[in-house]
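One structure is given here, and the rest of the page talks about it.
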There are 2 protein chains.
Amino acid sequence: MNAPSRPAHLAPVIQARDVPQAFLDALKTRFGANCSTVLVVREQHGRDESAFAPVTPPSAVVFAESTQDVSDAVALASQYKVPVIPFGVGSSLEGHLLAVQGGISLDLTRMNKVLSINAEDLTVTVQPGVTRKQVNEEIKSTGLFFPIDPGADATLGGMSATRASGTNAVRYGTMRENVLALEVVTACGEVIRTGTRAKKSSAGYDLTRLFVGSEGTLGVITEVTVRLYPLPEAISAATCSFPSIAAAVQTVIQVIQMGVPIARVELIDHNTVRMVNKHAKLSLREEPMLLMEFHGSPAGVQEQAQTVQEIANEHGGNAFEWATTPEERTRLWAARHNAYFSALQSRPGCRAISTDTCVPISKLADCLLDSIAETDASGLPYFLVGHVGDGNFHFGYLINPEEPREREVAEDLNHKLVSRALRLGGTCTGEHGIGLHKIDFLVTEAGEGAVNMMRTIKKALDPLNIMNPGKIFTL
Amino acid sequence: MNAPSRPAHLAPVIQARDVPQAFLDALKTRFGANCSTVLVVREQHGRDESAFAPVTPPSAVVFAESTQDVSDAVALASQYKVPVIPFGVGSSLEGHLLAVQGGISLDLTRMNKVLSINAEDLTVTVQPGVTRKQVNEEIKSTGLFFPIDPGADATLGGMSATRASGTNAVRYGTMRENVLALEVVTACGEVIRTGTRAKKSSAGYDLTRLFVGSEGTLGVITEVTVRLYPLPEAISAATCSFPSIAAAVQTVIQVIQMGVPIARVELIDHNTVRMVNKHAKLSLREEPMLLMEFHGSPAGVQEQAQTVQEIANEHGGNAFEWATTPEERTRLWAARHNAYFSALQSRPGCRAISTDTCVPISKLADCLLDSIAETDASGLPYFLVGHVGDGNFHFGYLINPEEPREREVAEDLNHKLVSRALRLGGTCTGEHGIGLHKIDFLVTEAGEGAVNMMRTIKKALDPLNIMNPGKIFTL
């Protein structure tokens, strides 16, 4: 497998299409005040958390309040052949929301109702603008929770669209495993459902999984049914420092191979611990650190933690710390929660460019160690955190956005990292998606044949290419 | 949601297409003795375990020995516009293998090599003709196992194609959750890969999940990478009899809602216990029975079993029996293992027509009790087994194949059962697939819009409609 010979896009390809005034007039007539053409609103909807330079914002923002609104907006867009970019909280990381072919932004945050809680079936159905914190707040009284936590308080529509996951995925899976069914508005404005509330089904093509991870390119998600889990009887947290990244990673590999049902296991490197200590005025050992969480019965949790502690000891782990109360757990995990902001603070005015490779767990040490050496050699400041139980980790390269050279160095490092991950049997993106940024990497990873199959599906389901065009693949 | 007004197909719709002699000659030239036109071989490949009357068998059977063989066979079929029906062990249940539009059968059982065992990553890659028992045999020394057990010793290619599951799915998921990546030969003979060995990925459309459950209608699966699990440190089994189906089901509902990670929980009704007692000369209480299995650490298993026993007691469960040694476990589960054959023996010469609905677990009692009453009222003999932890169960209607009236009664009962399951938010098929038998039910369940989307995908990826045509939907 050969990596692409040029670095990933440093600037998105712009192919802005015509947005007829008649279309904008029709939107205004249909949506009134819920259709905005104010520049600041459009600008806010034309960017995401990626490091791409701003492009021309969408021509209008429609605030949908119902599936009917979405259907009508898409039907009008279809009639005038205008691109539509679904928008949640704007926390995506790979340029998903940039209007590179022009068009309108469809803001779904007002569709924020929890529609039905089926506690006895461990499912909940929500509108796409409901965020993960909101859903957990609204189901609190049921004794259940929704485990997927990508960091940002993203919407469930957005999380479905990018196949998000995060710290709990090692135990509870990703959006791929946890979305049971969707309601979707297709590219011609038709409303369909992709599944039932049955836990499993062999009824035809898995349209649910086709839309999960489709990044808004096949239609607009207007309802999401997800699985819930009983709040664990007991939760305990632990942290442990290690003499080296290799020792920490070997511990994780062995924990996973032994089948310990660990709920979270995060790595942060010594460099990031140092940033956290400085920013949050802590005095953690400035060594690579694993942060763990165990869910289960009181006895089960103790058993898991014991096993992990024994494995950690074998690899030179020290300062194993424990916590069972919520306050103590929060204190222990402070390093992880503070990592991102501490890193940004460590270089005022910087931007973080996040990587997202994921490799088979046996290759994790190889992939990490070589990439750390490479990054250290570059001189670029960075932080490193990882959902290492899944083989997924993120470098955050801290670049000065005014220095094009730094961005180039970061892109070059990312390029080498992705190439290494692919050589080791991994993927260029564990949870952030392709967006604009990884279009070339996807071809290297999946091959022209597979990407052509994706294009064929896209063309069949969105023949006018109006659904978030220019993302995932060129078309 | 309205159920279809006519019973599901009693006879398949036949639209046999022309199979040119030049095509058969070309196959013979390319495959020699690996292409058979002997009638008995063709007949054996033109049927499955469904109760459909035989149709004209395929015109030839090609025994593929490599991906290249598959690719060449499909490319030839594409050139001559001839249908291709992939074939594993022939254990599918809904008419998947019948050559209703003519064409050839592509037998994959000679592609039966385990290609690579990655024990440290808990994955294995196999050719599609490897069966689930074979894979477990070949990985035995690693301390890992592949949990999915649909009953039959099916091939992993076939299990992927029908999105199979079975008794362990309540804990380990179905083929949907356990296939990491596939190699696929597309409808034009191209070879693509649908994923990597990374545990999670957000890299573009989920082609893996699109092919899992596509029933051979989009291409031929030529390699399967699945997840493995560490063999549990401890396994224990238990059985418990209940005064009523309702009591047994309420026990299961509560076990699932409490989040007990039970590995298997199967229901058999009193009627089936009676058949087993007679056939296997056992003296089990002739009452509804739950058969359970717990996986984990010795302490964890004991804790789970204790919790379940307490819940069972509350619902009048009695004769709770325990087993930890493999021999004792096998003895306890004898009723489940013997259910199918005992039922067939109870009415010599009969055929079983199996239902396959799956409902949200809170609706399980409603769905089961009404359907049992209905089936009892019909006078048709039957057995009843269920993967009740997932809300999935199977009636086996024992019909005399010489009595068309009995088949009609069975189809009518199935029709009412499916309608009930759909009303309760469930699916017409938990694990068997659509095949020929449930084409109408799929429309009722998913809606015309969703089925049209499936058709659109099919037409885009298989424009000549040569891949197992006539299955899942009419086209």
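By order of appearance in the structure tokens: chains A, B, ..., then residues from 1 within every chain, and ligands from 1 in the order shown.
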
Excluding Arg197 in chain B and residues on its chain fewer than 6 positions from it, collect all residues at most 8 Å away from it, counting only C-alpha atoms, and give them as a PyMOL selection string. (chain A and resi 359-360+425-426) or (chain B and resi 123+180-181+225)

Dump N, CA and C atoms for the selected residues as a tab-separated table (two decimals), in the first residue's frame?
chain	number	residue	atom	x	y	z
A	359	VAL	N	-4.93	1.80	14.97
A	359	VAL	CA	-4.24	0.60	14.47
A	359	VAL	C	-4.65	-0.62	15.28
A	360	PRO	N	-4.45	-1.82	14.72
A	360	PRO	CA	-4.66	-3.03	15.54
A	360	PRO	C	-3.80	-2.91	16.79
A	425	GLY	N	-1.75	-1.88	9.13
A	425	GLY	CA	-3.09	-2.49	9.08
A	425	GLY	C	-4.17	-1.64	9.72
A	426	GLY	N	-3.89	-0.34	9.88
A	426	GLY	CA	-4.85	0.53	10.55
A	426	GLY	C	-5.59	1.45	9.61
B	123	THR	N	-8.26	-11.07	16.26
B	123	THR	CA	-8.94	-11.14	14.97
B	123	THR	C	-8.45	-12.37	14.20
B	180	LEU	N	-15.09	-7.34	10.91
B	180	LEU	CA	-14.27	-6.12	10.86
B	180	LEU	C	-14.05	-5.67	9.44
B	181	ALA	N	-13.87	-6.62	8.53
B	181	ALA	CA	-13.54	-6.26	7.15
B	181	ALA	C	-13.84	-7.44	6.24
B	225	THR	N	-12.82	-11.00	7.84
B	225	THR	CA	-12.04	-10.79	9.06
B	225	THR	C	-13.03	-10.56	10.20

Using only C-alpha atoms and a distance of at most 7 Å, pull out the residues of chain A that contact chain B, as a ChimeraX atom specification. /A:120-121,162-163,177,192-206,209-210,213-214,230,257-259,300,358-362,390,425-427,429-434,442,446,449-450,454,456-457,460,472

Would you mind exporting the chosen residues as a short mmCIF file (atom, residue, chain, number, x, y, z; two decimals), in the first residue's frame, restricted to N, CA and C atoms?
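And here is the file that came out, out-v2.cif:
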data_model
loop_
_atom_site.label_atom_id
_atom_site.label_comp_id
_atom_site.auth_asym_id
_atom_site.auth_seq_id
_atom_site.Cartn_x
_atom_site.Cartn_y
_atom_site.Cartn_z
N GLU A 120 -37.45 0.53 29.45
CA GLU A 120 -37.52 -0.93 29.60
C GLU A 120 -36.85 -1.66 28.43
N ASP A 121 -36.67 -0.95 27.32
CA ASP A 121 -35.96 -1.56 26.18
C ASP A 121 -34.53 -1.02 26.05
N THR A 162 -20.70 11.34 11.71
CA THR A 162 -19.25 11.12 11.62
C THR A 162 -18.81 9.80 12.25
N ARG A 163 -19.76 8.99 12.67
CA ARG A 163 -19.44 7.71 13.32
C ARG A 163 -18.51 7.95 14.51
N GLU A 177 -22.09 0.83 16.53
CA GLU A 177 -22.71 -0.25 17.29
C GLU A 177 -23.94 0.23 18.07
N ILE A 192 -37.52 8.70 5.09
CA ILE A 192 -37.54 7.24 5.27
C ILE A 192 -37.04 6.89 6.66
N ARG A 193 -37.34 5.64 7.06
CA ARG A 193 -36.79 5.10 8.30
C ARG A 193 -35.86 3.94 7.95
N THR A 194 -34.78 3.84 8.71
CA THR A 194 -33.77 2.84 8.34
C THR A 194 -33.76 1.63 9.25
N GLY A 195 -34.70 1.54 10.19
CA GLY A 195 -34.67 0.36 11.07
C GLY A 195 -35.79 0.42 12.07
N THR A 196 -35.87 -0.58 12.91
CA THR A 196 -36.89 -0.63 13.95
C THR A 196 -36.19 -0.52 15.30
N ARG A 197 -36.93 -0.73 16.38
CA ARG A 197 -36.31 -0.73 17.69
C ARG A 197 -35.88 -2.14 18.13
N ALA A 198 -36.03 -3.13 17.25
CA ALA A 198 -35.54 -4.48 17.60
C ALA A 198 -34.02 -4.42 17.73
N LYS A 199 -33.49 -5.21 18.67
CA LYS A 199 -32.05 -5.14 18.95
C LYS A 199 -31.23 -5.67 17.79
N LYS A 200 -31.78 -6.60 17.05
CA LYS A 200 -31.06 -7.11 15.89
C LYS A 200 -32.05 -7.37 14.77
N SER A 201 -31.57 -7.41 13.55
CA SER A 201 -32.45 -7.61 12.40
C SER A 201 -31.62 -8.04 11.21
N SER A 202 -32.21 -8.89 10.36
CA SER A 202 -31.57 -9.26 9.09
C SER A 202 -32.44 -8.81 7.92
N ALA A 203 -33.17 -7.71 8.12
CA ALA A 203 -34.16 -7.28 7.13
C ALA A 203 -33.55 -6.34 6.09
N GLY A 204 -32.88 -6.92 5.11
CA GLY A 204 -32.40 -6.13 3.98
C GLY A 204 -31.12 -5.37 4.27
N TYR A 205 -30.75 -4.49 3.34
CA TYR A 205 -29.50 -3.75 3.46
C TYR A 205 -29.50 -2.90 4.73
N ASP A 206 -28.33 -2.77 5.32
CA ASP A 206 -28.18 -2.06 6.58
C ASP A 206 -28.08 -0.55 6.32
N ARG A 209 -26.44 1.66 9.08
CA ARG A 209 -24.97 1.73 9.09
C ARG A 209 -24.45 2.49 7.86
N LEU A 210 -25.22 2.52 6.77
CA LEU A 210 -24.79 3.30 5.60
C LEU A 210 -24.82 4.79 5.92
N GLY A 213 -21.84 7.64 9.61
CA GLY A 213 -20.52 7.83 9.01
C GLY A 213 -20.57 8.39 7.60
N SER A 214 -21.76 8.75 7.11
CA SER A 214 -21.85 9.25 5.73
C SER A 214 -21.62 10.77 5.65
N PRO A 230 -27.58 0.31 31.51
CA PRO A 230 -27.82 0.57 32.94
C PRO A 230 -26.59 1.25 33.54
N GLN A 257 -6.02 -7.96 25.70
CA GLN A 257 -5.89 -9.37 25.28
C GLN A 257 -6.45 -10.32 26.32
N MET A 258 -6.41 -9.92 27.59
CA MET A 258 -6.96 -10.78 28.63
C MET A 258 -8.47 -10.66 28.75
N GLY A 259 -9.05 -9.73 27.98
CA GLY A 259 -10.50 -9.61 28.00
C GLY A 259 -11.04 -8.87 29.21
N GLY A 300 -16.90 -6.99 40.89
CA GLY A 300 -16.36 -7.08 39.54
C GLY A 300 -15.36 -5.96 39.27
N CYS A 358 -5.83 4.95 13.90
CA CYS A 358 -6.24 3.84 14.75
C CYS A 358 -5.62 2.58 14.15
N VAL A 359 -4.93 1.80 14.97
CA VAL A 359 -4.24 0.60 14.47
C VAL A 359 -4.65 -0.62 15.28
N PRO A 360 -4.45 -1.82 14.72
CA PRO A 360 -4.66 -3.03 15.54
C PRO A 360 -3.80 -2.91 16.79
N ILE A 361 -4.33 -3.36 17.91
CA ILE A 361 -3.70 -3.03 19.19
C ILE A 361 -2.26 -3.56 19.29
N SER A 362 -1.98 -4.67 18.62
CA SER A 362 -0.61 -5.21 18.71
C SER A 362 0.41 -4.28 18.05
N ASP A 390 -8.53 1.00 22.16
CA ASP A 390 -8.99 0.74 20.79
C ASP A 390 -7.86 0.89 19.76
N GLY A 425 -1.75 -1.88 9.13
CA GLY A 425 -3.09 -2.49 9.08
C GLY A 425 -4.17 -1.64 9.72
N GLY A 426 -3.89 -0.34 9.88
CA GLY A 426 -4.85 0.53 10.55
C GLY A 426 -5.59 1.45 9.61
N THR A 427 -6.20 2.49 10.18
CA THR A 427 -7.03 3.42 9.42
C THR A 427 -6.56 4.85 9.66
N THR A 429 -8.48 7.34 10.08
CA THR A 429 -9.38 8.03 11.00
C THR A 429 -10.18 7.05 11.85
N GLY A 430 -9.93 7.10 13.15
CA GLY A 430 -10.67 6.23 14.07
C GLY A 430 -12.04 6.76 14.40
N GLU A 431 -12.17 8.13 14.40
CA GLU A 431 -13.44 8.68 14.88
C GLU A 431 -13.78 10.07 14.37
N HIS A 432 -12.87 10.73 13.67
CA HIS A 432 -13.16 12.10 13.23
C HIS A 432 -13.80 12.17 11.86
N GLY A 433 -13.58 11.16 11.04
CA GLY A 433 -14.14 11.18 9.70
C GLY A 433 -13.14 11.69 8.66
N ILE A 434 -13.58 11.69 7.40
CA ILE A 434 -12.72 12.07 6.28
C ILE A 434 -12.83 13.56 5.99
N LEU A 442 -8.04 8.41 2.26
CA LEU A 442 -9.08 7.38 2.10
C LEU A 442 -8.79 6.52 0.88
N ALA A 446 -8.43 2.64 1.41
CA ALA A 446 -9.49 1.74 0.94
C ALA A 446 -9.25 1.22 -0.47
N GLY A 449 -10.94 1.06 -5.94
CA GLY A 449 -12.15 0.27 -6.18
C GLY A 449 -13.21 0.54 -5.12
N ALA A 450 -12.79 0.51 -3.87
CA ALA A 450 -13.74 0.72 -2.78
C ALA A 450 -14.27 2.15 -2.79
N MET A 454 -18.08 3.69 -3.21
CA MET A 454 -18.72 4.76 -2.41
C MET A 454 -19.29 5.84 -3.33
N THR A 456 -20.21 5.50 -6.40
CA THR A 456 -21.37 4.97 -7.13
C THR A 456 -22.63 5.06 -6.27
N ILE A 457 -22.47 4.71 -4.99
CA ILE A 457 -23.62 4.80 -4.07
C ILE A 457 -24.07 6.25 -3.94
N ALA A 460 -25.92 7.39 -6.97
CA ALA A 460 -27.24 6.77 -7.08
C ALA A 460 -28.23 7.42 -6.12
N ILE A 472 -15.57 13.54 1.83
CA ILE A 472 -15.24 12.10 1.77
C ILE A 472 -14.46 11.75 0.51
#

I'd like the neighbourhood of Gly90 in chain B as a PDB file with N, CA and C atoms, in the first residue's frame, where a residue qualifies if any of its atoms comes within 8 Å (using only C-alpha atoms), though same-chain residues fewer than 4 positions away should be ignored.
ATOM      1  N   HIS B  45     -27.542 -27.833  -5.257  1.00  0.00           N
ATOM      2  CA  HIS B  45     -27.216 -26.407  -5.107  1.00  0.00           C
ATOM      3  C   HIS B  45     -28.406 -25.491  -5.390  1.00  0.00           C
ATOM      4  N   ARG B  47     -31.348 -25.610  -3.797  1.00  0.00           N
ATOM      5  CA  ARG B  47     -32.312 -25.594  -2.685  1.00  0.00           C
ATOM      6  C   ARG B  47     -31.594 -25.178  -1.411  1.00  0.00           C
ATOM      7  N   ASP B  48     -32.397 -24.879  -0.380  1.00  0.00           N
ATOM      8  CA  ASP B  48     -31.829 -24.602   0.932  1.00  0.00           C
ATOM      9  C   ASP B  48     -32.719 -25.266   1.966  1.00  0.00           C
ATOM     10  N   GLU B  49     -32.663 -24.812   3.206  1.00  0.00           N
ATOM     11  CA  GLU B  49     -33.463 -25.453   4.252  1.00  0.00           C
ATOM     12  C   GLU B  49     -34.864 -24.869   4.371  1.00  0.00           C
ATOM     13  N   LEU B  97     -31.209 -19.563  -1.829  1.00  0.00           N
ATOM     14  CA  LEU B  97     -30.350 -20.253  -2.799  1.00  0.00           C
ATOM     15  C   LEU B  97     -31.091 -20.731  -4.038  1.00  0.00           C
TER      16      LEU B  97
END

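For the residues A:Ala99, A:Phe145, A:Gln79, A:Ile14, ranking by smallest atom-to-atom distance to Glu43 in chain A using only C-alpha atoms places A:Ala99 first.
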
Which parts of range 311-444 of chain B does DSSP call strand (DSSP E) when run on the backbone here, written out as a PyMOL selection string? chain B and resi 318-323+351-354+382-387+392-399

Please write the residues from the selection above to a file, keeping N, CA and C atoms, as a short mmCIF file (atom, residue, chain, number, x, y, z; two decimals), in the first residue's frame.
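Wrote it out as result.cif, contents follow:
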data_model
loop_
_atom_site.label_atom_id
_atom_site.label_comp_id
_atom_site.auth_asym_id
_atom_site.auth_seq_id
_atom_site.Cartn_x
_atom_site.Cartn_y
_atom_site.Cartn_z
N ASN B 318 -38.48 -22.48 39.33
CA ASN B 318 -38.15 -23.57 40.26
C ASN B 318 -37.22 -24.54 39.56
N ALA B 319 -36.70 -25.47 40.36
CA ALA B 319 -35.78 -26.48 39.81
C ALA B 319 -34.60 -25.81 39.13
N PHE B 320 -34.10 -24.72 39.74
CA PHE B 320 -32.92 -24.06 39.22
C PHE B 320 -31.76 -25.04 39.31
N GLU B 321 -31.18 -25.40 38.15
CA GLU B 321 -30.07 -26.35 38.14
C GLU B 321 -28.82 -25.68 37.60
N TRP B 322 -27.68 -26.07 38.09
CA TRP B 322 -26.41 -25.47 37.89
C TRP B 322 -25.40 -26.41 37.29
N ALA B 323 -24.50 -25.94 36.51
CA ALA B 323 -23.43 -26.81 36.05
C ALA B 323 -22.21 -25.98 35.70
N ARG B 351 -42.16 -31.36 7.89
CA ARG B 351 -41.14 -30.32 7.65
C ARG B 351 -41.40 -29.19 8.62
N ALA B 352 -40.36 -28.51 9.07
CA ALA B 352 -40.55 -27.37 9.97
C ALA B 352 -40.48 -26.08 9.18
N ILE B 353 -41.47 -25.23 9.36
CA ILE B 353 -41.40 -23.87 8.81
C ILE B 353 -41.09 -22.95 9.98
N SER B 354 -39.93 -22.29 9.89
CA SER B 354 -39.45 -21.51 11.04
C SER B 354 -39.80 -20.03 10.90
N TYR B 382 -46.29 -27.65 16.73
CA TYR B 382 -45.18 -26.70 16.60
C TYR B 382 -44.20 -26.89 17.75
N PHE B 383 -43.00 -26.36 17.56
CA PHE B 383 -42.10 -26.20 18.71
C PHE B 383 -41.75 -24.72 18.81
N LEU B 384 -41.22 -24.33 19.94
CA LEU B 384 -40.93 -22.92 20.17
C LEU B 384 -39.61 -22.81 20.92
N VAL B 385 -38.67 -22.13 20.30
CA VAL B 385 -37.37 -21.85 20.95
C VAL B 385 -37.07 -20.38 20.73
N GLY B 386 -36.26 -19.82 21.59
CA GLY B 386 -36.02 -18.39 21.40
C GLY B 386 -34.75 -17.91 22.02
N HIS B 387 -34.09 -16.98 21.30
CA HIS B 387 -32.96 -16.24 21.85
C HIS B 387 -33.57 -15.03 22.55
N ASN B 392 -35.78 -12.24 20.28
CA ASN B 392 -35.89 -13.02 19.04
C ASN B 392 -36.33 -14.44 19.38
N PHE B 393 -37.32 -14.96 18.65
CA PHE B 393 -37.74 -16.35 18.92
C PHE B 393 -38.22 -16.99 17.63
N HIS B 394 -38.26 -18.30 17.64
CA HIS B 394 -38.67 -19.06 16.46
C HIS B 394 -39.78 -20.05 16.81
N PHE B 395 -40.92 -19.91 16.18
CA PHE B 395 -41.86 -21.03 16.13
C PHE B 395 -41.39 -21.95 15.01
N GLY B 396 -41.48 -23.24 15.22
CA GLY B 396 -41.28 -24.18 14.12
C GLY B 396 -42.60 -24.89 13.89
N TYR B 397 -43.31 -24.49 12.84
CA TYR B 397 -44.59 -25.14 12.53
C TYR B 397 -44.28 -26.46 11.84
N LEU B 398 -44.81 -27.55 12.38
CA LEU B 398 -44.49 -28.88 11.85
C LEU B 398 -45.57 -29.30 10.87
N ILE B 399 -45.31 -29.07 9.62
CA ILE B 399 -46.35 -29.35 8.62
C ILE B 399 -46.08 -30.65 7.87
#

Residues of range 19-268 of chain B in alpha helix (DSSP H), written as a PyMOL selection string: chain B and resi 21-31+39-45+67-80+132-138+156-162+169-172+175-178+207-211+245-257

Rounded to one decimal, what separation in Å do you get between CA of Gln345 in chain A and CA of Pro381 in chain A?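 We find that CA of Gln345 in chain A and CA of Pro381 in chain A lie 11.9 Å from each other.
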
Go ahead and compute the interatomic distance for CA of Glu374 in chain B and CA of Val265 in chain B, in Å to one decimal.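 That distance, rounded to one decimal, is 24.6 Å.
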
Work out how far CA of Glu65 in chain B is from CA of Ser78 in chain B, in Å to one decimal.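 Atom-to-atom, CA of Ser78 in chain B and CA of Glu65 in chain B are spaced 19.4 Å apart.
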
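If only C-alpha atoms are the atoms counted, then among B:Val220, B:Cys35, B:Val130, B:Ala263 the closest residue to Pro147 in chain B is B:Ala263.
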
Got a sec: who's within 6 Å of Leu290 in chain A, counting only C-alpha atoms, leaving out chain neighbours fewer than 5 positions off, as a list in words?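 So the residues in contact are Thr239, Cys240, Glu266 and Leu267 of chain A.
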
Show which residues sit within 10 Å of range 278-280 of chain B, as a ChimeraX atom specification. Count only C-alpha atoms, and ignore same-chain residues fewer than 4 positions away. /B:272-274,334-335,338-339,341-346

Deliver the residues from the most recent selection as a file, using C-alpha atoms, as an mmCIF file, in the first residue's frame.
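See out33.cif below for the written result:
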data_model
loop_
_atom_site.group_PDB
_atom_site.id
_atom_site.type_symbol
_atom_site.label_atom_id
_atom_site.label_comp_id
_atom_site.auth_asym_id
_atom_site.auth_seq_id
_atom_site.Cartn_x
_atom_site.Cartn_y
_atom_site.Cartn_z
ATOM 1 C CA THR B 272 -41.015 -28.588 23.151
ATOM 2 C CA VAL B 273 -39.782 -29.952 26.488
ATOM 3 C CA ARG B 274 -42.340 -32.737 26.101
ATOM 4 C CA ALA B 334 -29.556 -31.226 26.174
ATOM 5 C CA ALA B 335 -33.102 -29.969 25.857
ATOM 6 C CA ASN B 338 -32.321 -31.760 20.984
ATOM 7 C CA ALA B 339 -35.242 -29.422 20.406
ATOM 8 C CA PHE B 341 -34.696 -33.013 15.976
ATOM 9 C CA SER B 342 -37.065 -34.045 18.753
ATOM 10 C CA ALA B 343 -39.691 -31.841 17.187
ATOM 11 C CA LEU B 344 -39.164 -33.329 13.722
ATOM 12 C CA GLN B 345 -39.335 -36.827 15.239
ATOM 13 C CA SER B 346 -42.586 -36.007 16.962
#

Excluding Phe87 in chain A and residues on its chain fewer than 5 positions from it, collect all residues at most 10 Å away from it, counting only C-alpha atoms, and give them as an MDAnalysis selection string. chainID A and resid 45:46 48 61:63 92 96:97 105:109 128:129 155 157:158 216 220
